[in-house]
>>> print(open('coords.tsv').read())   # TSV, C-alpha atoms
chain	number	residue	atom	x	y	z
J	1	MET	CA	-22.38	-50.96	-38.28
J	2	ALA	CA	-25.54	-53.08	-38.31
J	3	ASP	CA	-24.65	-54.97	-41.48
J	4	LYS	CA	-20.97	-55.45	-40.63
J	5	LYS	CA	-19.63	-58.46	-38.78
J	6	GLY	CA	-16.67	-56.69	-37.22
J	7	PHE	CA	-14.31	-53.73	-37.38
J	8	LEU	CA	-10.77	-53.03	-38.63
J	9	VAL	CA	-7.75	-52.83	-36.34
J	10	TYR	CA	-4.91	-50.73	-37.78
J	11	HIS	CA	-1.17	-50.94	-37.19
J	12	ASP	CA	-1.38	-47.28	-36.16
J	13	PHE	CA	-3.11	-48.48	-32.97
J	14	GLU	CA	0.02	-50.37	-31.86
J	15	LYS	CA	1.66	-47.50	-29.96
J	16	LEU	CA	-1.54	-46.73	-28.08
J	17	ILE	CA	-2.05	-50.37	-27.09
J	18	ASP	CA	1.60	-50.89	-26.09
J	19	ALA	CA	1.25	-48.08	-23.57
J	20	LEU	CA	-1.54	-50.01	-21.80
J	21	THR	CA	-1.32	-52.84	-19.32
J	22	ASP	CA	-2.81	-56.19	-20.28
J	23	ALA	CA	-5.79	-55.48	-18.04
J	24	GLN	CA	-6.36	-52.08	-19.67
J	25	ALA	CA	-6.00	-53.58	-23.15
J	26	GLY	CA	-8.62	-56.19	-22.29
J	27	ARG	CA	-11.08	-53.55	-21.09
J	28	LEU	CA	-10.42	-51.52	-24.23
J	29	LEU	CA	-11.03	-54.47	-26.57
J	30	LYS	CA	-14.33	-55.37	-24.86
J	31	SER	CA	-15.47	-51.76	-25.05
J	32	LEU	CA	-14.60	-51.45	-28.74
J	33	ILE	CA	-16.50	-54.64	-29.58
J	34	LYS	CA	-19.56	-53.34	-27.71
J	35	PHE	CA	-19.24	-49.98	-29.46
J	36	SER	CA	-18.97	-51.57	-32.92
J	37	ALA	CA	-21.88	-53.97	-32.35
J	38	TYR	CA	-24.34	-51.78	-30.42
J	39	GLY	CA	-23.02	-48.21	-30.59
J	40	GLU	CA	-22.59	-48.08	-26.81
J	41	SER	CA	-19.79	-45.91	-25.42
J	42	THR	CA	-17.91	-46.85	-22.23
J	43	ASP	CA	-17.12	-44.22	-19.62
J	44	PHE	CA	-13.34	-44.18	-19.07
J	45	SER	CA	-13.24	-40.92	-17.14
J	46	ASP	CA	-11.45	-42.79	-14.34
J	47	ASP	CA	-8.55	-43.77	-16.63
J	48	GLY	CA	-6.90	-41.15	-18.82
J	49	MET	CA	-5.01	-43.62	-21.00
J	50	LEU	CA	-8.11	-45.68	-21.76
J	51	PHE	CA	-10.15	-42.52	-22.31
J	52	MET	CA	-7.70	-41.31	-24.97
J	53	ALA	CA	-7.27	-44.74	-26.63
J	54	PHE	CA	-11.00	-45.44	-26.77
J	55	GLY	CA	-11.80	-42.00	-28.19
J	56	PHE	CA	-9.22	-42.35	-30.96
J	57	MET	CA	-10.09	-45.93	-31.95
J	58	SER	CA	-13.88	-45.57	-31.70
J	59	GLY	CA	-13.67	-42.49	-33.92
J	60	GLN	CA	-11.85	-44.53	-36.56
J	61	ILE	CA	-14.50	-47.27	-36.30
J	62	GLU	CA	-17.22	-44.69	-36.97
J	63	ARG	CA	-15.37	-43.29	-40.01
J	64	ASP	CA	-14.93	-46.80	-41.39
J	65	ALA	CA	-18.65	-47.45	-40.90
J	66	VAL	CA	-19.54	-44.35	-42.92
J	67	LYS	CA	-17.25	-45.46	-45.77
J	68	TYR	CA	-18.78	-48.93	-45.65
J	69	ASP	CA	-22.32	-47.51	-45.87
J	70	GLU	CA	-21.34	-45.30	-48.81
J	71	LYS	CA	-19.80	-48.26	-50.64
J	72	CYS	CA	-22.91	-50.39	-50.03
J	73	GLU	CA	-25.14	-47.60	-51.30
J	74	LYS	CA	-23.03	-47.21	-54.44
J	75	ASN	CA	-23.22	-50.95	-55.12
J	76	ARG	CA	-26.98	-50.87	-54.56
J	77	GLN	CA	-27.43	-48.02	-57.04
J	78	ASN	CA	-25.33	-49.86	-59.65
J	79	ALA	CA	-27.43	-53.00	-59.16
J	80	LEU	CA	-30.64	-50.96	-59.60
J	81	LYS	CA	-29.31	-49.46	-62.84
J	82	ARG	CA	-28.44	-52.90	-64.22
J	83	SER	CA	-31.87	-54.21	-63.23
J	84	ALA	CA	-33.60	-51.22	-64.87
J	85	ILE	CA	-31.70	-51.74	-68.13
J	86	ALA	CA	-32.56	-55.45	-68.19
J	87	SER	CA	-36.23	-54.69	-67.45
J	88	GLU	CA	-36.34	-52.06	-70.22
J	89	ARG	CA	-34.89	-54.49	-72.74
J	90	LYS	CA	-37.40	-57.15	-71.72
J	91	GLN	CA	-40.30	-54.71	-72.05
J	92	SER	CA	-39.08	-53.53	-75.48
J	93	GLN	CA	-38.92	-57.12	-76.69
J	94	ALA	CA	-42.43	-57.78	-75.38
J	95	ASN	CA	-43.73	-54.65	-77.16
J	96	ALA	CA	-42.04	-55.73	-80.41
J	97	ASN	CA	-43.63	-59.20	-80.18
J	98	GLU	CA	-47.04	-57.63	-79.56
J	99	CYS	CA	-46.65	-55.34	-82.58
J	100	ASN	CA	-45.65	-58.26	-84.80
J	101	GLN	CA	-48.66	-60.28	-83.64
J	102	THR	CA	-51.00	-57.33	-84.27
J	103	SER	CA	-49.60	-56.83	-87.78
J	104	ALA	CA	-50.09	-60.52	-88.53
J	105	ASN	CA	-53.72	-60.34	-87.37
J	106	VAL	CA	-54.36	-57.30	-89.58
J	107	ALA	CA	-52.84	-59.10	-92.58
J	108	ASN	CA	-55.15	-62.08	-92.00
J	109	ILE	CA	-58.19	-59.80	-91.85
J	110	ASN	CA	-57.23	-58.10	-95.12
J	111	THR	CA	-56.70	-61.47	-96.84
J	112	ASN	CA	-60.12	-62.70	-95.74
J	113	THR	CA	-61.74	-59.47	-96.90
J	114	ASN	CA	-60.21	-59.69	-100.37
J	115	THR	CA	-61.34	-63.32	-100.69
J	116	ASN	CA	-64.88	-62.37	-99.74
J	117	THR	CA	-64.85	-59.54	-102.30
J	118	ASN	CA	-63.81	-61.79	-105.17
J	119	THR	CA	-66.27	-64.52	-104.28
J	120	ASN	CA	-69.36	-62.48	-103.43
J	121	THR	CA	-69.60	-59.69	-105.99
J	122	ASN	CA	-73.15	-58.84	-104.85
J	123	THR	CA	-72.04	-57.92	-101.31
J	124	ASN	CA	-69.92	-54.88	-102.12
J	125	THR	CA	-71.41	-52.81	-99.31
J	126	SER	CA	-70.65	-55.43	-96.69
J	127	THR	CA	-67.15	-55.97	-98.12
J	128	ASN	CA	-66.39	-52.25	-98.12
J	129	LYS	CA	-67.52	-52.06	-94.50
J	130	ASN	CA	-65.21	-54.90	-93.52
J	131	THR	CA	-62.36	-53.31	-95.48
J	132	ASP	CA	-62.88	-49.99	-93.68
J	133	ILE	CA	-62.77	-51.76	-90.32
J	134	SER	CA	-59.58	-53.56	-91.31
J	135	SER	CA	-57.94	-50.33	-92.42
J	136	SER	CA	-58.93	-48.68	-89.19
J	137	ASP	CA	-57.51	-51.59	-87.19
J	138	LYS	CA	-54.25	-51.34	-89.12
J	139	SER	CA	-53.89	-47.60	-88.58
J	140	ASP	CA	-54.49	-48.08	-84.84
J	141	SER	CA	-52.02	-50.94	-84.50
J	142	VAL	CA	-48.96	-48.80	-83.79
J	143	CYS	CA	-47.60	-49.93	-80.40
J	144	VAL	CA	-46.50	-47.06	-78.22
J	145	PRO	CA	-45.53	-47.94	-74.64
J	146	ALA	CA	-47.49	-45.97	-72.08
J	147	PRO	CA	-45.30	-43.49	-70.16
J	148	GLU	CA	-44.57	-44.50	-66.60
J	149	PRO	CA	-46.19	-42.22	-64.01
J	150	LYS	CA	-43.69	-39.88	-62.40
J	151	LYS	CA	-43.14	-40.37	-58.69
J	152	ASN	CA	-43.02	-37.20	-56.66
J	153	LYS	CA	-39.89	-37.27	-54.52
J	154	PRO	CA	-39.66	-35.01	-51.47
J	155	SER	CA	-37.35	-32.04	-51.88
J	156	GLN	CA	-34.04	-31.75	-50.05
J	157	SER	CA	-35.46	-29.01	-47.83
J	158	GLN	CA	-38.45	-31.20	-46.95
J	159	LEU	CA	-36.16	-34.10	-46.00
J	160	GLU	CA	-34.07	-31.79	-43.84
J	161	ASP	CA	-37.19	-30.44	-42.09
J	162	ASP	CA	-38.40	-34.00	-41.44
J	163	PHE	CA	-35.02	-34.91	-39.97
J	164	GLU	CA	-35.07	-31.89	-37.65
J	165	GLU	CA	-38.48	-32.98	-36.37
J	166	CYS	CA	-37.09	-36.44	-35.56
J	167	TRP	CA	-33.84	-35.08	-34.11
J	168	LYS	CA	-35.75	-32.76	-31.80
J	169	ILE	CA	-37.08	-35.71	-29.75
J	170	TYR	CA	-33.99	-37.96	-29.81
J	171	PRO	CA	-32.54	-38.28	-26.28
J	172	LYS	CA	-28.78	-38.19	-27.04
J	173	LYS	CA	-27.99	-35.50	-29.58
J	174	GLU	CA	-24.47	-36.51	-30.66
J	175	GLY	CA	-23.27	-36.90	-34.25
J	176	LYS	CA	-26.02	-34.81	-35.85
J	177	ALA	CA	-24.31	-34.34	-39.23
J	178	GLU	CA	-23.81	-38.08	-39.73
J	179	ALA	CA	-27.33	-38.82	-38.50
J	180	LYS	CA	-28.74	-36.30	-40.98
J	181	ARG	CA	-26.87	-37.86	-43.91
J	182	ALA	CA	-28.15	-41.31	-42.96
J	183	TYR	CA	-31.76	-40.12	-42.58
J	184	ILE	CA	-31.80	-38.37	-45.97
J	185	LYS	CA	-30.30	-41.46	-47.64
J	186	PHE	CA	-32.94	-43.79	-46.19
J	187	ALA	CA	-35.82	-41.32	-46.65
J	188	GLY	CA	-35.14	-41.26	-50.38
J	189	LYS	CA	-36.26	-44.89	-50.51
J	190	ASP	CA	-39.12	-44.78	-48.00
J	191	PRO	CA	-41.70	-41.95	-48.16
J	192	ASP	CA	-43.14	-43.02	-44.78
J	193	LEU	CA	-39.80	-42.96	-42.98
J	194	LYS	CA	-40.52	-39.98	-40.74
J	195	LYS	CA	-43.49	-41.74	-39.10
J	196	LYS	CA	-41.42	-44.89	-38.55
J	197	VAL	CA	-38.49	-42.97	-37.06
J	198	ILE	CA	-40.63	-40.94	-34.68
J	199	SER	CA	-42.45	-44.08	-33.54
J	200	GLY	CA	-39.15	-45.92	-33.07
J	201	ILE	CA	-37.59	-43.07	-31.05
J	202	LYS	CA	-40.63	-42.90	-28.76
J	203	ASN	CA	-40.38	-46.66	-28.15
J	204	TYR	CA	-36.66	-46.32	-27.44
J	205	ILE	CA	-37.32	-43.52	-24.94
J	206	GLU	CA	-39.95	-45.71	-23.27
J	207	GLU	CA	-37.45	-48.57	-22.99
J	208	ILE	CA	-34.87	-46.21	-21.46
J	209	ARG	CA	-37.43	-45.13	-18.88
J	210	ILE	CA	-38.52	-48.67	-18.05
J	211	THR	CA	-35.03	-50.16	-17.77
J	212	GLY	CA	-33.48	-47.15	-16.06
J	213	LYS	CA	-30.65	-47.01	-18.61
J	214	THR	CA	-28.12	-44.27	-17.77
J	215	TYR	CA	-27.15	-41.55	-20.24
J	216	GLN	CA	-23.75	-43.02	-21.10
J	217	TYR	CA	-25.39	-46.22	-22.40
J	218	ILE	CA	-27.91	-44.43	-24.61
J	219	GLN	CA	-26.95	-44.72	-28.28
J	220	LYS	CA	-25.53	-41.65	-29.97
J	221	GLY	CA	-27.84	-40.07	-32.50
J	222	SER	CA	-25.41	-40.89	-35.32
J	223	THR	CA	-25.40	-44.57	-34.35
J	224	TYR	CA	-29.18	-44.75	-34.05
J	225	PHE	CA	-29.88	-43.23	-37.46
J	226	ARG	CA	-27.01	-44.89	-39.34
J	227	ASN	CA	-28.06	-48.37	-38.20
J	228	GLU	CA	-31.85	-47.84	-38.66
J	229	HIS	CA	-32.52	-48.73	-35.02
J	230	TRP	CA	-36.10	-47.50	-35.34
J	231	ASN	CA	-36.76	-50.98	-36.75
J	232	ASP	CA	-35.64	-52.64	-33.49
J	233	GLU	CA	-38.04	-54.21	-31.02
J	234	TYR	CA	-38.03	-52.27	-27.76
J	235	ILE	CA	-39.23	-53.00	-24.26
J	236	VAL	CA	-42.40	-50.95	-23.90
J	237	LYS	CA	-45.25	-51.04	-21.44
J	238	GLU	CA	-47.57	-52.98	-23.75
J	239	ASN	CA	-45.01	-55.80	-24.01
J	240	ILE	CA	-44.68	-56.32	-20.25
J	241	GLU	CA	-47.44	-58.27	-18.55
J	242	ASN	CA	-46.10	-57.51	-15.08
J	243	GLU	CA	-42.88	-56.62	-13.31
J	244	THR	CA	-42.20	-60.20	-12.19
J	245	ASN	CA	-42.31	-61.63	-15.70
J	246	PHE	CA	-40.06	-58.87	-16.98
J	247	ARG	CA	-37.43	-59.50	-14.31
J	248	SER	CA	-37.52	-63.24	-14.99
J	249	ARG	CA	-36.63	-62.53	-18.62
J	250	ASN	CA	-33.96	-59.97	-17.62
J	251	PRO	CA	-32.52	-61.12	-14.27
J	252	ASN	CA	-29.51	-58.74	-14.47
J	253	ASP	CA	-31.55	-55.56	-14.99
J	254	GLU	CA	-32.06	-53.04	-12.24
J	255	PRO	CA	-35.61	-52.82	-10.77
J	256	PHE	CA	-37.92	-50.14	-12.09
>>> encode(input="coords.tsv", output="structure tokens")
Amino acid sequence: MADKKGFLVYHDFEKLIDALTDAQAGRLLKSLIKFSAYGESTDFSDDGMLFMAFGFMSGQIERDAVKYDEKCEKNRQNALKRSAIASERKQSQANANECNQTSANVANINTNTNTNTNTNTNTNTSTNKNTDISSSDKSDSVCVPAPEPKKNKPSQSQLEDDFEECWKIYPKKEGKAEAKRAYIKFAGKDPDLKKKVISGIKNYIEEIRITGKTYQYIQKGSTYFRNEHWNDEYIVKENIENETNFRSRNPNDEPF
């Protein structure tokens, strides 16, 4: 949901919303916006109607987010393919130009050698030497593009093992299957992802400890991994000079 600017509201939601009071509908809308933007769930255990409506609608928001991510990934792959084809054509043209230039240079050398042979009949040895060099240059002038080095990609089992190591330390283990899909997708592009994720989770845990955030406001695992929240800046001990300065920046937070 990190890249999206909002979420879809379906006509199927109408019956659920009609059953709510205006006050309940307002609470539900605020909670859905917070869930879509930050992945935070609201505890509606005190209100059965809101509990049911929020669970149904937030689930649909998550499914839409997965479809959106899959569509973005498909578009990205198509763009990479188009870029690769254009780059290959450009490289082929450059290789052809280089071959043509090399052939022209060899032709000039041969012309000069023949002229020297006809003019200086007493320098046959030198001329033959030059001719041999020219022939050698011509035989070596075939342009063959060097093969690109193969990049070793981690296996599927390795990616799954890396995810399990990250998942083991995440504080709210909800939505594992979706989190795993997201991790494997991102890890295919970044070989150092596991280190970044583990570091990000540890910083998030430190922020939870410092701010005293309750369990219900901790992001689900699926939300954290899908939105790459390991890249976020967290409140950690090194970033706080003292308790007074921290409270001045966050006047609504509870004390440590």
>>> residues_around(input="coords.tsv", residues="Glu206 (chain J)", least_positions_apart="5", cutoff="8 Å", atoms="all atoms listed in the file", output="PyMOL selection string")
chain J and resi 235-237
>>> residues_around(input="coords.tsv", residues="Asn152 (chain J)", least_positions_apart="3", cutoff="12 Å", atoms="all atoms listed in the file", output="mmCIF file with C-alpha atoms, in the frame of the given file")
data_model
loop_
_atom_site.group_PDB
_atom_site.id
_atom_site.type_symbol
_atom_site.label_atom_id
_atom_site.label_comp_id
_atom_site.auth_asym_id
_atom_site.auth_seq_id
_atom_site.Cartn_x
_atom_site.Cartn_y
_atom_site.Cartn_z
ATOM 1 C CA PRO J 149 -46.190 -42.220 -64.010
ATOM 2 C CA SER J 155 -37.350 -32.040 -51.880
ATOM 3 C CA GLY J 188 -35.140 -41.260 -50.380
ATOM 4 C CA LYS J 189 -36.260 -44.890 -50.510
ATOM 5 C CA PRO J 191 -41.700 -41.950 -48.160
#
>>> residues_around(input="coords.tsv", residues="region 54-60 of chain J", least_positions_apart="6", cutoff="12 Å", atoms="only C-alpha atoms", output="PDB file with C-alpha atoms, keeping the file's coordinate frame")
ATOM      1  CA  PHE J   7     -14.310 -53.730 -37.380  1.00  0.00           C
ATOM      2  CA  LEU J   8     -10.770 -53.030 -38.630  1.00  0.00           C
ATOM      3  CA  VAL J   9      -7.750 -52.830 -36.340  1.00  0.00           C
ATOM      4  CA  TYR J  10      -4.910 -50.730 -37.780  1.00  0.00           C
ATOM      5  CA  HIS J  11      -1.170 -50.940 -37.190  1.00  0.00           C
ATOM      6  CA  ASP J  12      -1.380 -47.280 -36.160  1.00  0.00           C
ATOM      7  CA  PHE J  13      -3.110 -48.480 -32.970  1.00  0.00           C
ATOM      8  CA  GLU J  14       0.020 -50.370 -31.860  1.00  0.00           C
ATOM      9  CA  LEU J  16      -1.540 -46.730 -28.080  1.00  0.00           C
ATOM     10  CA  ILE J  17      -2.050 -50.370 -27.090  1.00  0.00           C
ATOM     11  CA  LEU J  20      -1.540 -50.010 -21.800  1.00  0.00           C
ATOM     12  CA  GLN J  24      -6.360 -52.080 -19.670  1.00  0.00           C
ATOM     13  CA  ALA J  25      -6.000 -53.580 -23.150  1.00  0.00           C
ATOM     14  CA  GLY J  26      -8.620 -56.190 -22.290  1.00  0.00           C
ATOM     15  CA  ARG J  27     -11.080 -53.550 -21.090  1.00  0.00           C
ATOM     16  CA  LEU J  28     -10.420 -51.520 -24.230  1.00  0.00           C
ATOM     17  CA  LEU J  29     -11.030 -54.470 -26.570  1.00  0.00           C
ATOM     18  CA  LYS J  30     -14.330 -55.370 -24.860  1.00  0.00           C
ATOM     19  CA  SER J  31     -15.470 -51.760 -25.050  1.00  0.00           C
ATOM     20  CA  LEU J  32     -14.600 -51.450 -28.740  1.00  0.00           C
ATOM     21  CA  ILE J  33     -16.500 -54.640 -29.580  1.00  0.00           C
ATOM     22  CA  LYS J  34     -19.560 -53.340 -27.710  1.00  0.00           C
ATOM     23  CA  PHE J  35     -19.240 -49.980 -29.460  1.00  0.00           C
ATOM     24  CA  SER J  36     -18.970 -51.570 -32.920  1.00  0.00           C
ATOM     25  CA  ALA J  37     -21.880 -53.970 -32.350  1.00  0.00           C
ATOM     26  CA  GLY J  39     -23.020 -48.210 -30.590  1.00  0.00           C
ATOM     27  CA  GLU J  40     -22.590 -48.080 -26.810  1.00  0.00           C
ATOM     28  CA  SER J  41     -19.790 -45.910 -25.420  1.00  0.00           C
ATOM     29  CA  THR J  42     -17.910 -46.850 -22.230  1.00  0.00           C
ATOM     30  CA  ASP J  43     -17.120 -44.220 -19.620  1.00  0.00           C
ATOM     31  CA  PHE J  44     -13.340 -44.180 -19.070  1.00  0.00           C
ATOM     32  CA  SER J  45     -13.240 -40.920 -17.140  1.00  0.00           C
ATOM     33  CA  ASP J  47      -8.550 -43.770 -16.630  1.00  0.00           C
ATOM     34  CA  GLY J  48      -6.900 -41.150 -18.820  1.00  0.00           C
ATOM     35  CA  VAL J  66     -19.540 -44.350 -42.920  1.00  0.00           C
ATOM     36  CA  LYS J  67     -17.250 -45.460 -45.770  1.00  0.00           C
ATOM     37  CA  GLY J 175     -23.270 -36.900 -34.250  1.00  0.00           C
ATOM     38  CA  SER J 222     -25.410 -40.890 -35.320  1.00  0.00           C
ATOM     39  CA  THR J 223     -25.400 -44.570 -34.350  1.00  0.00           C
TER      40      THR J 223
END
>>> atom_distance(input="coords.tsv", atom1="CA of Ile218 (chain J)", atom2="CA of Asp162 (chain J)")
22.4 Å
>>> atom_distance(input="coords.tsv", atom1="CA of Ile184 (chain J)", atom2="CA of Glu160 (chain J)")
7.3 Å
>>> closest_residue(input="coords.tsv", among="J:Tyr224, J:Tyr204, J:Tyr68, J:Tyr215", to="Lys176 (chain J)", atoms="all atoms listed in the file")
J:Tyr224
>>> closest_residue(input="coords.tsv", among="J:Ile198, J:Glu207, J:Lys74, J:Asp192", to="Lys153 (chain J)", atoms="all atoms listed in the file")
J:Asp192
>>> axis_aligned_box(input="coords.tsv", around="region 201-207 of chain J", padding_each_side="5 Å", output="JSON")
{"center_x": -38.6, "center_y": -45.7, "center_z": -27.0, "size_x": 14.0, "size_y": 15.7, "size_z": 18.1}
>>> closest_residue(input="coords.tsv", among="J:Asp18, J:Glu62, J:Asp46, J:Glu228", to="Phe186 (chain J)", atoms="only C-alpha atoms")
J:Glu228
>>> closest_residue(input="coords.tsv", among="J:Thr211, J:Gln219, J:Asn105, J:Asn231", to="Lys195 (chain J)", atoms="all atoms listed in the file")
J:Asn231
>>> closest_residue(input="coords.tsv", among="J:Tyr234, J:Tyr183, J:Phe51, J:Tyr170", to="Lys220 (chain J)", atoms="all atoms listed in the file")
J:Tyr170
>>> atom_distance(input="coords.tsv", atom1="CA of Thr21 (chain J)", atom2="CA of Tyr217 (chain J)")
25.2 Å
>>> closest_residue(input="coords.tsv", among="J:Asp22, J:Asp190, J:Glu88, J:Asp69", to="Arg226 (chain J)", atoms="all atoms listed in the file")
J:Asp69
>>> decode(input="coords.tsv", residues="region 3-17 of chain J", atoms="N, CA, C and O atoms", output="mmCIF file, in the first residue's frame")
data_model
loop_
_atom_site.group_PDB
_atom_site.id
_atom_site.type_symbol
_atom_site.label_atom_id
_atom_site.label_comp_id
_atom_site.auth_asym_id
_atom_site.auth_seq_id
_atom_site.Cartn_x
_atom_site.Cartn_y
_atom_site.Cartn_z
ATOM 1 N N ASP J 3 2.875 2.539 -2.201
ATOM 2 C CA ASP J 3 2.926 3.329 -3.421
ATOM 3 C C ASP J 3 1.554 3.840 -3.842
ATOM 4 O O ASP J 3 1.449 4.622 -4.769
ATOM 5 N N LYS J 4 0.499 3.368 -3.186
ATOM 6 C CA LYS J 4 -0.851 3.770 -3.574
ATOM 7 C C LYS J 4 -1.272 5.000 -2.797
ATOM 8 O O LYS J 4 -0.868 5.229 -1.667
ATOM 9 N N LYS J 5 -2.126 5.794 -3.423
ATOM 10 C CA LYS J 5 -2.600 7.031 -2.806
ATOM 11 C C LYS J 5 -3.960 6.863 -2.143
ATOM 12 O O LYS J 5 -4.495 7.822 -1.585
ATOM 13 N N GLY J 6 -4.532 5.683 -2.198
ATOM 14 C CA GLY J 6 -5.833 5.473 -1.602
ATOM 15 C C GLY J 6 -6.265 4.029 -1.727
ATOM 16 O O GLY J 6 -5.462 3.151 -2.018
ATOM 17 N N PHE J 7 -7.562 3.763 -1.495
ATOM 18 C CA PHE J 7 -8.075 2.412 -1.623
ATOM 19 C C PHE J 7 -9.465 2.474 -2.244
ATOM 20 O O PHE J 7 -10.113 3.523 -2.268
ATOM 21 N N LEU J 8 -9.937 1.318 -2.756
ATOM 22 C CA LEU J 8 -11.214 1.254 -3.446
ATOM 23 C C LEU J 8 -12.349 0.998 -2.462
ATOM 24 O O LEU J 8 -12.195 0.229 -1.506
ATOM 25 N N VAL J 9 -13.474 1.630 -2.702
ATOM 26 C CA VAL J 9 -14.688 1.382 -1.931
ATOM 27 C C VAL J 9 -15.717 0.774 -2.886
ATOM 28 O O VAL J 9 -16.044 1.368 -3.918
ATOM 29 N N TYR J 10 -16.218 -0.418 -2.568
ATOM 30 C CA TYR J 10 -17.098 -1.153 -3.460
ATOM 31 C C TYR J 10 -18.567 -0.960 -3.074
ATOM 32 O O TYR J 10 -18.903 -0.719 -1.909
ATOM 33 N N HIS J 11 -19.435 -1.109 -4.063
ATOM 34 C CA HIS J 11 -20.878 -1.039 -3.803
ATOM 35 C C HIS J 11 -21.321 -2.156 -2.863
ATOM 36 O O HIS J 11 -22.339 -2.025 -2.180
ATOM 37 N N ASP J 12 -20.564 -3.258 -2.845
ATOM 38 C CA ASP J 12 -20.892 -4.366 -1.943
ATOM 39 C C ASP J 12 -20.815 -3.950 -0.478
ATOM 40 O O ASP J 12 -21.368 -4.625 0.398
ATOM 41 N N PHE J 13 -20.102 -2.864 -0.191
ATOM 42 C CA PHE J 13 -19.971 -2.394 1.193
ATOM 43 C C PHE J 13 -21.232 -1.685 1.681
ATOM 44 O O PHE J 13 -21.367 -1.408 2.877
ATOM 45 N N GLU J 14 -22.155 -1.356 0.762
ATOM 46 C CA GLU J 14 -23.282 -0.488 1.108
ATOM 47 C C GLU J 14 -24.135 -1.062 2.237
ATOM 48 O O GLU J 14 -24.512 -0.357 3.183
ATOM 49 N N LYS J 15 -24.465 -2.364 2.161
ATOM 50 C CA LYS J 15 -25.312 -2.963 3.185
ATOM 51 C C LYS J 15 -24.657 -2.925 4.558
ATOM 52 O O LYS J 15 -25.322 -2.686 5.569
ATOM 53 N N LEU J 16 -23.365 -3.169 4.583
ATOM 54 C CA LEU J 16 -22.638 -3.104 5.860
ATOM 55 C C LEU J 16 -22.696 -1.704 6.453
ATOM 56 O O LEU J 16 -22.954 -1.523 7.635
ATOM 57 N N ILE J 17 -22.444 -0.695 5.605
ATOM 58 C CA ILE J 17 -22.390 0.684 6.091
ATOM 59 C C ILE J 17 -23.764 1.180 6.481
ATOM 60 O O ILE J 17 -23.925 1.930 7.462
#
